[in-house]
Each structure stands twice: as C-alpha cells, then as structure tokens.
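Heads up, the thing below is written out as structure tokens.
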Number of protein chains: 2
Amino acid sequence: MPLDKRDFPLIDIRRHLETGPIVLVTSQWQGQSNIMTMGWHSMMQFSPALVGCYIWEGNRSHAMIHAARECVINVPTEDLADQVVQIGNSHADAGDKFAATGLTSVTASRVGAPLIAECYASFECKLFDDQLVHDYSFFIWEVVKAHVADIVAPRTIHYRGQGTFMVAGKELDFRARFKSQNL
Amino acid sequence: MPLDKRDFPLIDIRRHLETGPIVLVTSQWQGQSNIMTMGWHSMMQFSPALVGCYIWEGNRSHAMIHAARECVINVPTEDLADQVVQIGNSHADAGDKFAATGLTSVTASRVGAPLIAECYASFECKLFDDQLVHDYSFFIWEVVKAHVADIVAPRTIHYRGQGTFMVAGKELDFRARFKSQNL
C-alpha cells in the first residue's frame with residue numbers, strides 16, 4: 001500500500017538506516033529505471049548526511065547509478081518481503097521491476113531516480129565521493145532529501161544470508177541512561 | 001556470561017554483521033585497552049573479508065585504533081544492553097571499561113586487542129585501507145579471525161538513535177525462493 005511520507009530532517013536519517021535494514025535502491029538512466037536490493041551500507045556523517053554503500057559491479061544498477069551519480073535508498077518493511085526477495089533474485093534483463101512487483105514509482109524532488117511509494121522511508125541521494133568506487137564498488141552518498149512515513153517501530157527486515165531475514169522486534173528505551181549530548 | 005565461541009568461516013561473517021547490530025569495538029595500545037560502542041559499519045567484501053566502519057575522531061579509541069592498526073569487533077546481544085549503554089555514555093578517562101562493566105577480556109589470536117567473552121561473536125581485524133580515515137574517520141578492516149558461538153537467531157540490538165534500540169525479532173525463511181547462486 002502506498003504510504004503517506006513527509007519531509008524528514010536530514011540530521012535524523014540515522015534513525016532509519018543505522019539499524020541495518022535491507023533497502024531497495026532505485027536508479028534511473030537514459031529513460032530506464034531499475035530497483036536493486038542492498039544490505040551493505042553504513043551511515044558516515046550527520047551533516048551533510050552521508051551514507052556509504054556497496055553496489056556490486058556485476059549488478060546492472062552499478063553502471064546506471066555510476067553514470068547518473070544519483071539514486072534513491074528506499075526502506076521496506078516486512079509486508080514487502082516477497083517483493084524484496086523477488087527483486088533480489090531477478091535480473092535487469094527480465095524487464096521493469098516496478099511492473100513485475102506491483103510497486104509504485106513516485107517522482108522524486110531532487111533526483112531522477114524514483115521513490116517507491118510502498119516503502120516507509122525514501123532518501124534521495126547524490127554522489128558525494130567516488131574515490132572508492134573503482135577499487136571497492138563503494139559509493140559515498142549525500143542524502144539531499146528525506147521522506148519518511150510516521151510509523152513507530154517500523155518492522156524493517158535485515159538480511160542474515162542464506163535466504164533468511166530477521167524482522168525488527170521489540171524496542172528498548174534507555175533514554176534516561178543517556179548523556180544529553182549523546183541523544 | 002562468557003560464551004563458548006568457535007572458529008567461524010571468514011566467508012560467512014556477513015551473517016552476523018549485515019543485519020546492522022550495535023557492536024563493541026575493543027582496542028589496545030601501549031598497554032591500555034579500551035571498548036567503544038559503534039553502529040556505523042558495513043560489509044564491503046566477502047574475500048578477503050572486509051568491513052568498513054566509522055570511528056569518531058573525538059573518541060579515545062580512534063587514536064588507539066589508528067596507532068595499533070588493529071581492533072576486535074564484538075557483537076553483543078540483548079542481555080548486554082546495560083553494558084552497551086554504560087560504555088556508550090562513559091569516557092576513556094573514567095578508567096578501565098572491562099572493570100567498570102564486568103565484561104571479561106580474552107586474549108585474541110591474531111591481534112593485540114582483546115575479545116569480549118560475553119559477546120556471542122568476535123571478529124579480529126587488521127587495518128586494510130586507511131585512505132578514508134583522514135577525511136571521513138572511516139576505517140576499512142580485514143577480518144583475519146572470526147569467533148562465533150552457536151546461537152540460532154541471536155537477539156542483537158540495533159540503535160535507533162535518541163537512546164532507543166530495536167532488538168532482533170522473528171526470522172523469515174525465504175531459502176526456497178532464492179536462486180542457488182544467491183545463497
């Protein structure tokens with residue numbers, strides 16, 4: 001189901017990425033769009049908001065994303081696990097992944113790649129530093145626009161390898177134990 | 001409680017890191033050891049097994065780890081959440097974090113930094129590439145030895161910011177839907 005996402009402060013995007021969810025990365029280049037699954041990513045800086053991620057060179061998305069120097073990182077929840085598995089096990093040659101999965105493409109505001117309407121969070125990214133792309137296929141992105149639906153404790157899915165996922169479970173609140181400067 | 005960990009294949013370490021848990025990074029330099037919490041990390045390569053991670057320059061561990069060019073990445077579970085919060089909110093000047101938390105230091109086999117006995121997984125790391133350390137405080141590590149206890153679906157904890165954590169929840173098994181080369 002398409003979700004109602006709102007502008008979200010860039011300084012806070014770690015709240016949706018640091019937990020390590022599988023994400024769906026969308027790309028667009030020369031009129032073609034694509035979606036790939038990706039689990040190898042890390043926050044790298046609060047402001048500007050930087051996220052590093054590995055995109056395998058053998059993946060069609062690698063060339064499209066490198067050429068466009070843009071992408072969108074979309075965060076799915078458990079209800080989209082079927083589509084995540086389908087995308088992760090299909091090839092770009094098989095055709096339009098939006099059509100194949102029934103996911104809805106939404107125009108982004110700052111980049112050419114589309115948002116995925118059904119994902120609860122979408123982060124529009126521009127390539128900030130490509131120095132590790134050649135040797136490591138590792139892209140350093142600046143998130144330039146964030147869209148997040150107002151969901152408490154989203155049931156993100158986290159890849160354990162060998163075809164299995166862990167679903168985000170219960171919450172622990174330690175705010176009272178944190179120093180104020182660490183919150 | 002100290003856990004019985006065994007040698008674990010380096011090619012499979014993504015199974016314990018890709019889900020994005022908070023980890024405890026141990027360091028040792030000039031006879032001093034230290035522990036820090038860290039949530040900004042990413043797998044970067046299967047073989048050699050590479051992991052990238054951000055270690056804030058303001059953290060005492062940064063200088064120790066950079067000088068030693070070694071560390072151990074230890075993965076705690078929910079039962080250690082108190083100690084994780086304590087470590088994340090204390091300063092190296094406050095003294096030995098092993099003594100302060102009651103965690104048990106174990107000698108590593110390939111690096112000077114200690115393993116944490118109570119963490120279910122520990123990965124001994126040597127600095128593989130420091131080209132992003134100056135600009136991004138981002139270290140690229142080669143995991144040279146892995147120790148993992150035989151725990152099914154470990155209840156790792158994942159930082160959501162603002163003093164709250166998500167605990168690893170239920171498992172989804174999609175093995176039957178994966179192409180064999182993706183397993």
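Following the order of the structure tokens, first chain is A, next is B, and so on, with residues numbered from 1 inside each chain and ligands from 1 in the order they appear.
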Q) Near range 36-48 of chain B, within 8 Å and counting only C-alpha atoms, which residues show up once chain neighbours fewer than 5 positions away are dropped, as a VMD selection string? A) (chain A and resid 18 to 19 40 to 44 53 to 54 136 138) or (chain B and resid 10 to 12 14 17 to 18 20 to 26 53 to 55 61 84 87 to 88 142 to 143 158 to 159)
Give the alpha helix (DSSP H) residues of range 6-181 of chain A, as assigned by DSSP on the backbone, as a ChimeraX atom specification. /A:14-17,60-68,81-88,97-101,133-136
>> List the spatial neighbours of Gln83 in chain A as a ChimeraX atom specification - criterion: any atom at most 9 Å away, only C-alpha atoms, same-chain residues fewer than 5 positions off excluded.
In response: /A:88,101-103
Written selection (all heavy atoms) as a PDB file, in the first residue's frame:
```
ATOM      1  N   GLY A  88      15.609  -9.243  -5.475  1.00  0.00           N
ATOM      2  CA  GLY A  88      16.961  -9.727  -5.239  1.00  0.00           C
ATOM      3  C   GLY A  88      17.329 -10.947  -6.052  1.00  0.00           C
ATOM      4  O   GLY A  88      18.503 -11.271  -6.210  1.00  0.00           O
ATOM      5  N   THR A 101       6.734  -6.330  -9.866  1.00  0.00           N
ATOM      6  CA  THR A 101       6.452  -6.478  -8.432  1.00  0.00           C
ATOM      7  C   THR A 101       5.174  -5.792  -7.988  1.00  0.00           C
ATOM      8  O   THR A 101       4.698  -6.011  -6.875  1.00  0.00           O
ATOM      9  CB  THR A 101       7.597  -5.858  -7.588  1.00  0.00           C
ATOM     10  OG1 THR A 101       7.752  -4.485  -7.978  1.00  0.00           O
ATOM     11  CG2 THR A 101       8.893  -6.614  -7.777  1.00  0.00           C
ATOM     12  N   GLY A 102       4.640  -4.903  -8.845  1.00  0.00           N
ATOM     13  CA  GLY A 102       3.467  -4.135  -8.441  1.00  0.00           C
ATOM     14  C   GLY A 102       3.804  -2.945  -7.552  1.00  0.00           C
ATOM     15  O   GLY A 102       2.894  -2.259  -7.059  1.00  0.00           O
ATOM     16  N   LEU A 103       5.086  -2.684  -7.337  1.00  0.00           N
ATOM     17  CA  LEU A 103       5.458  -1.500  -6.556  1.00  0.00           C
ATOM     18  C   LEU A 103       5.201  -0.245  -7.377  1.00  0.00           C
ATOM     19  O   LEU A 103       5.204  -0.261  -8.607  1.00  0.00           O
ATOM     20  CB  LEU A 103       6.938  -1.583  -6.147  1.00  0.00           C
ATOM     21  CG  LEU A 103       7.282  -2.698  -5.150  1.00  0.00           C
ATOM     22  CD1 LEU A 103       8.796  -2.808  -4.962  1.00  0.00           C
ATOM     23  CD2 LEU A 103       6.593  -2.457  -3.798  1.00  0.00           C
TER      24      LEU A 103
END
```
Do you know which residues are at most 10 Å from Ser180 in chain A counting only C-alpha atoms, after dropping those on the same chain fewer than 4 positions away, and could you put them as a compact mmCIF listing (two decimals) with N, CA, C and O atoms, in the first residue's frame?
```txt
# COMPACT_ATOMS: atom_id res chain seq x y z
N ARG A 175 16.66 6.04 27.14
CA ARG A 175 16.90 7.49 27.10
C ARG A 175 17.35 8.06 28.44
O ARG A 175 18.21 8.92 28.50
N ALA A 176 16.77 7.54 29.51
CA ALA A 176 17.09 8.08 30.83
C ALA A 176 18.54 7.82 31.23
O ALA A 176 19.08 8.51 32.09
N ASN B 89 28.14 5.75 27.08
CA ASN B 89 27.96 7.01 27.80
C ASN B 89 29.07 7.25 28.83
O ASN B 89 28.89 8.04 29.76
N GLN B 162 18.43 8.51 19.75
CA GLN B 162 17.65 9.03 20.87
C GLN B 162 17.51 8.04 22.03
O GLN B 162 16.48 7.99 22.72
N GLY B 163 18.56 7.24 22.22
CA GLY B 163 18.58 6.37 23.39
C GLY B 163 17.74 5.11 23.28
O GLY B 163 17.53 4.41 24.27
```
Discussion item. So that I can check the secondary structure, give me every residue of range 146-179 of chain A assigned strand (DSSP E) by backbone DSSP, as a ChimeraX atom specification.
Written reply: /A:146-149,157-161,164-173
Those residues you just picked out, can you put them in a file as a compact mmCIF listing (two decimals), in the first residue's frame with all heavy atoms?
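Produced file result15.txt, reproduced below:
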```txt
# COMPACT_ATOMS: atom_id res chain seq x y z
N ALA A 146 14.83 13.75 2.37
CA ALA A 146 14.36 12.55 3.05
C ALA A 146 12.84 12.60 3.19
O ALA A 146 12.26 13.65 3.51
CB ALA A 146 15.01 12.42 4.43
N HIS A 147 12.20 11.46 2.94
CA HIS A 147 10.75 11.31 3.04
C HIS A 147 10.49 10.12 3.96
O HIS A 147 10.95 9.01 3.66
CB HIS A 147 10.13 10.99 1.69
CG HIS A 147 10.60 11.84 0.54
ND1 HIS A 147 9.86 12.89 0.04
CD2 HIS A 147 11.73 11.81 -0.21
CE1 HIS A 147 10.51 13.45 -0.97
NE2 HIS A 147 11.64 12.82 -1.15
N VAL A 148 9.75 10.33 5.04
CA VAL A 148 9.52 9.23 5.98
C VAL A 148 8.06 9.25 6.44
O VAL A 148 7.53 10.31 6.79
CB VAL A 148 10.46 9.33 7.21
CG1 VAL A 148 10.20 8.19 8.19
CG2 VAL A 148 11.92 9.31 6.78
N ALA A 149 7.43 8.08 6.46
CA ALA A 149 6.06 7.96 6.98
C ALA A 149 6.13 7.86 8.51
O ALA A 149 7.10 7.38 9.07
CB ALA A 149 5.38 6.72 6.41
N ILE A 157 13.30 -5.30 7.64
CA ILE A 157 13.84 -6.66 7.53
C ILE A 157 15.35 -6.56 7.29
O ILE A 157 15.84 -5.67 6.60
CB ILE A 157 13.13 -7.50 6.46
CG1 ILE A 157 13.25 -6.88 5.07
CG2 ILE A 157 11.65 -7.67 6.82
CD1 ILE A 157 12.62 -7.72 3.98
N HIS A 158 16.06 -7.51 7.89
CA HIS A 158 17.52 -7.45 7.97
C HIS A 158 18.07 -8.78 7.51
O HIS A 158 17.72 -9.83 8.06
CB HIS A 158 17.93 -7.15 9.42
CG HIS A 158 17.34 -5.86 9.94
ND1 HIS A 158 18.10 -4.76 10.21
CD2 HIS A 158 16.05 -5.50 10.19
CE1 HIS A 158 17.30 -3.76 10.61
NE2 HIS A 158 16.06 -4.19 10.61
N TYR A 159 18.96 -8.73 6.51
CA TYR A 159 19.38 -9.98 5.87
C TYR A 159 20.43 -10.72 6.68
O TYR A 159 21.45 -10.15 7.07
CB TYR A 159 19.91 -9.69 4.46
CG TYR A 159 20.05 -10.94 3.64
CD1 TYR A 159 18.96 -11.79 3.48
CD2 TYR A 159 21.24 -11.28 3.04
CE1 TYR A 159 19.07 -12.96 2.73
CE2 TYR A 159 21.37 -12.44 2.28
CZ TYR A 159 20.27 -13.27 2.14
OH TYR A 159 20.39 -14.43 1.40
N ARG A 160 20.18 -12.02 6.91
CA ARG A 160 21.12 -12.87 7.64
C ARG A 160 21.93 -13.77 6.72
O ARG A 160 22.69 -14.61 7.19
CB ARG A 160 20.36 -13.80 8.61
CG ARG A 160 19.86 -13.14 9.86
CD ARG A 160 19.81 -14.20 10.97
NE ARG A 160 19.03 -13.78 12.12
CZ ARG A 160 19.52 -13.05 13.13
NH1 ARG A 160 20.77 -12.63 13.11
NH2 ARG A 160 18.76 -12.72 14.15
N GLY A 161 21.76 -13.63 5.41
CA GLY A 161 22.41 -14.54 4.48
C GLY A 161 21.61 -15.82 4.35
O GLY A 161 20.66 -16.08 5.11
N THR A 164 17.64 -16.02 4.50
CA THR A 164 16.85 -15.75 5.71
C THR A 164 16.99 -14.29 6.16
O THR A 164 18.02 -13.66 5.95
CB THR A 164 17.27 -16.67 6.88
OG1 THR A 164 18.62 -16.39 7.23
CG2 THR A 164 17.14 -18.14 6.50
N PHE A 165 15.94 -13.80 6.76
CA PHE A 165 15.89 -12.43 7.25
C PHE A 165 15.50 -12.42 8.73
O PHE A 165 14.80 -13.31 9.20
CB PHE A 165 14.84 -11.60 6.50
CG PHE A 165 15.12 -11.44 5.04
CD1 PHE A 165 14.73 -12.41 4.13
CD2 PHE A 165 15.75 -10.30 4.55
CE1 PHE A 165 14.98 -12.27 2.76
CE2 PHE A 165 16.01 -10.15 3.20
CZ PHE A 165 15.62 -11.14 2.31
N MET A 166 15.92 -11.37 9.40
CA MET A 166 15.47 -11.07 10.77
C MET A 166 14.54 -9.86 10.67
O MET A 166 14.82 -8.92 9.92
CB MET A 166 16.68 -10.78 11.64
CG MET A 166 16.36 -10.22 13.01
SD MET A 166 16.18 -8.40 13.05
CE MET A 166 17.88 -7.85 13.06
N VAL A 167 13.41 -9.91 11.36
CA VAL A 167 12.48 -8.78 11.36
C VAL A 167 12.69 -7.96 12.64
O VAL A 167 12.86 -8.53 13.72
CB VAL A 167 11.01 -9.27 11.29
CG1 VAL A 167 10.05 -8.08 11.24
CG2 VAL A 167 10.81 -10.19 10.10
N ALA A 168 12.68 -6.64 12.50
CA ALA A 168 12.86 -5.76 13.66
C ALA A 168 11.83 -6.11 14.73
O ALA A 168 10.63 -6.17 14.47
CB ALA A 168 12.69 -4.31 13.23
N GLY A 169 12.32 -6.34 15.95
CA GLY A 169 11.45 -6.75 17.04
C GLY A 169 11.19 -5.64 18.04
O GLY A 169 11.04 -4.48 17.67
N LYS A 170 11.18 -6.03 19.30
CA LYS A 170 10.76 -5.09 20.34
C LYS A 170 11.75 -3.93 20.50
O LYS A 170 12.89 -4.01 20.05
CB LYS A 170 10.60 -5.83 21.66
CG LYS A 170 11.90 -6.30 22.28
CD LYS A 170 11.66 -6.96 23.64
CE LYS A 170 12.97 -7.41 24.24
NZ LYS A 170 12.81 -8.11 25.51
N GLU A 171 11.27 -2.89 21.17
CA GLU A 171 12.07 -1.69 21.39
C GLU A 171 12.56 -1.64 22.84
O GLU A 171 11.84 -2.04 23.76
CB GLU A 171 11.21 -0.45 21.14
CG GLU A 171 10.59 -0.38 19.75
CD GLU A 171 11.50 0.28 18.74
OE1 GLU A 171 12.02 1.39 19.01
OE2 GLU A 171 11.70 -0.33 17.67
N LEU A 172 13.78 -1.14 23.00
CA LEU A 172 14.33 -0.89 24.34
C LEU A 172 14.54 0.62 24.48
O LEU A 172 15.14 1.23 23.61
CB LEU A 172 15.68 -1.59 24.52
CG LEU A 172 15.74 -3.10 24.34
CD1 LEU A 172 17.19 -3.57 24.47
CD2 LEU A 172 14.85 -3.80 25.36
N ASP A 173 14.05 1.19 25.55
CA ASP A 173 14.19 2.64 25.76
C ASP A 173 15.16 2.91 26.89
O ASP A 173 14.85 2.66 28.06
CB ASP A 173 12.82 3.24 26.06
CG ASP A 173 12.89 4.76 26.14
OD1 ASP A 173 14.00 5.33 26.22
OD2 ASP A 173 11.81 5.39 26.13
```
Close residues, Asp79 in chain B itself excluded, 10 Å, only C-alpha atoms, min 6 positions apart in chain, as number ranges by chain
B: 1, 118-119, 155-157
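Distances from B:Leu183, B:Val106, B:Leu115, B:Val152 to Asn74 in chain B were compared using only C-alpha atoms, and the smallest one belongs to B:Leu115.
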Choose the residue, out of A:Gly52, A:Arg15, A:Asn59, A:Val111, that has the smallest atom-to-atom separation from Gln28 in chain A; count only C-alpha atoms.
->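 Looking at the shortest contact to Gln28 in chain A, the residue is A:Val111.
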Item to check | Counting only C-alpha atoms, the option among B:Arg6, B:His62, B:Lys145, B:His91 closest to chain A | outcome: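 For chain A, the nearest of the given residues is B:His91.
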Arg60 in chain B proximity check over B:Gln86, B:Ile73, B:Glu78, B:Asp93, using only C-alpha atoms: winner is B:Asp93
Minimum-distance residue to chain B, chosen among A:Thr77, A:Val85, A:Ile116, A:Ala94 (using only C-alpha atoms)
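Closest to chain B, using only C-alpha atoms: A:Val85.
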If we count only C-alpha atoms and set the cut-off at 12 Å, which residues sit around Gln131 in chain B, ignoring sequence neighbours fewer than 6 positions away in its own chain? Please answer as a ChimeraX atom specification. /A:131-132,135 /B:52,66,137-141
N, CA, C and O atoms of the current selection, written as a tab-separated table (two decimals), in the first residue's frame:
```tsv
chain	number	residue	atom	x	y	z
A	131	GLN	N	35.71	8.03	-4.73
A	131	GLN	CA	37.10	7.54	-4.71
A	131	GLN	C	37.21	6.05	-4.41
A	131	GLN	O	38.23	5.45	-4.72
A	132	LEU	N	36.19	5.45	-3.80
A	132	LEU	CA	36.26	4.01	-3.53
A	132	LEU	C	35.48	3.17	-4.54
A	132	LEU	O	35.40	1.95	-4.39
A	135	ASP	N	37.91	0.65	-6.78
A	135	ASP	CA	38.55	-0.47	-6.08
A	135	ASP	C	37.58	-1.30	-5.24
A	135	ASP	O	37.82	-2.50	-5.03
B	52	GLY	N	33.88	-2.00	6.66
B	52	GLY	CA	34.19	-0.58	6.86
B	52	GLY	C	33.46	-0.08	8.09
B	52	GLY	O	32.35	-0.52	8.37
B	66	HIS	N	43.93	3.71	15.42
B	66	HIS	CA	44.70	4.15	14.27
B	66	HIS	C	46.18	3.82	14.48
B	66	HIS	O	46.87	3.38	13.55
B	137	SER	N	37.04	9.60	8.89
B	137	SER	CA	37.16	8.73	10.07
B	137	SER	C	36.61	7.33	9.78
B	137	SER	O	36.05	6.67	10.66
B	138	PHE	N	36.77	6.90	8.54
B	138	PHE	CA	36.21	5.61	8.11
B	138	PHE	C	37.36	4.64	7.85
B	138	PHE	O	38.22	4.89	7.00
B	139	PHE	N	37.35	3.54	8.60
B	139	PHE	CA	38.42	2.54	8.53
B	139	PHE	C	37.93	1.33	7.73
B	139	PHE	O	36.82	0.85	7.96
B	140	ILE	N	38.77	0.83	6.85
B	140	ILE	CA	38.44	-0.41	6.13
B	140	ILE	C	39.28	-1.53	6.72
B	140	ILE	O	40.51	-1.52	6.63
B	141	TRP	N	38.58	-2.49	7.36
B	141	TRP	CA	39.24	-3.58	8.09
B	141	TRP	C	39.18	-4.89	7.32
B	141	TRP	O	38.16	-5.20	6.69
```
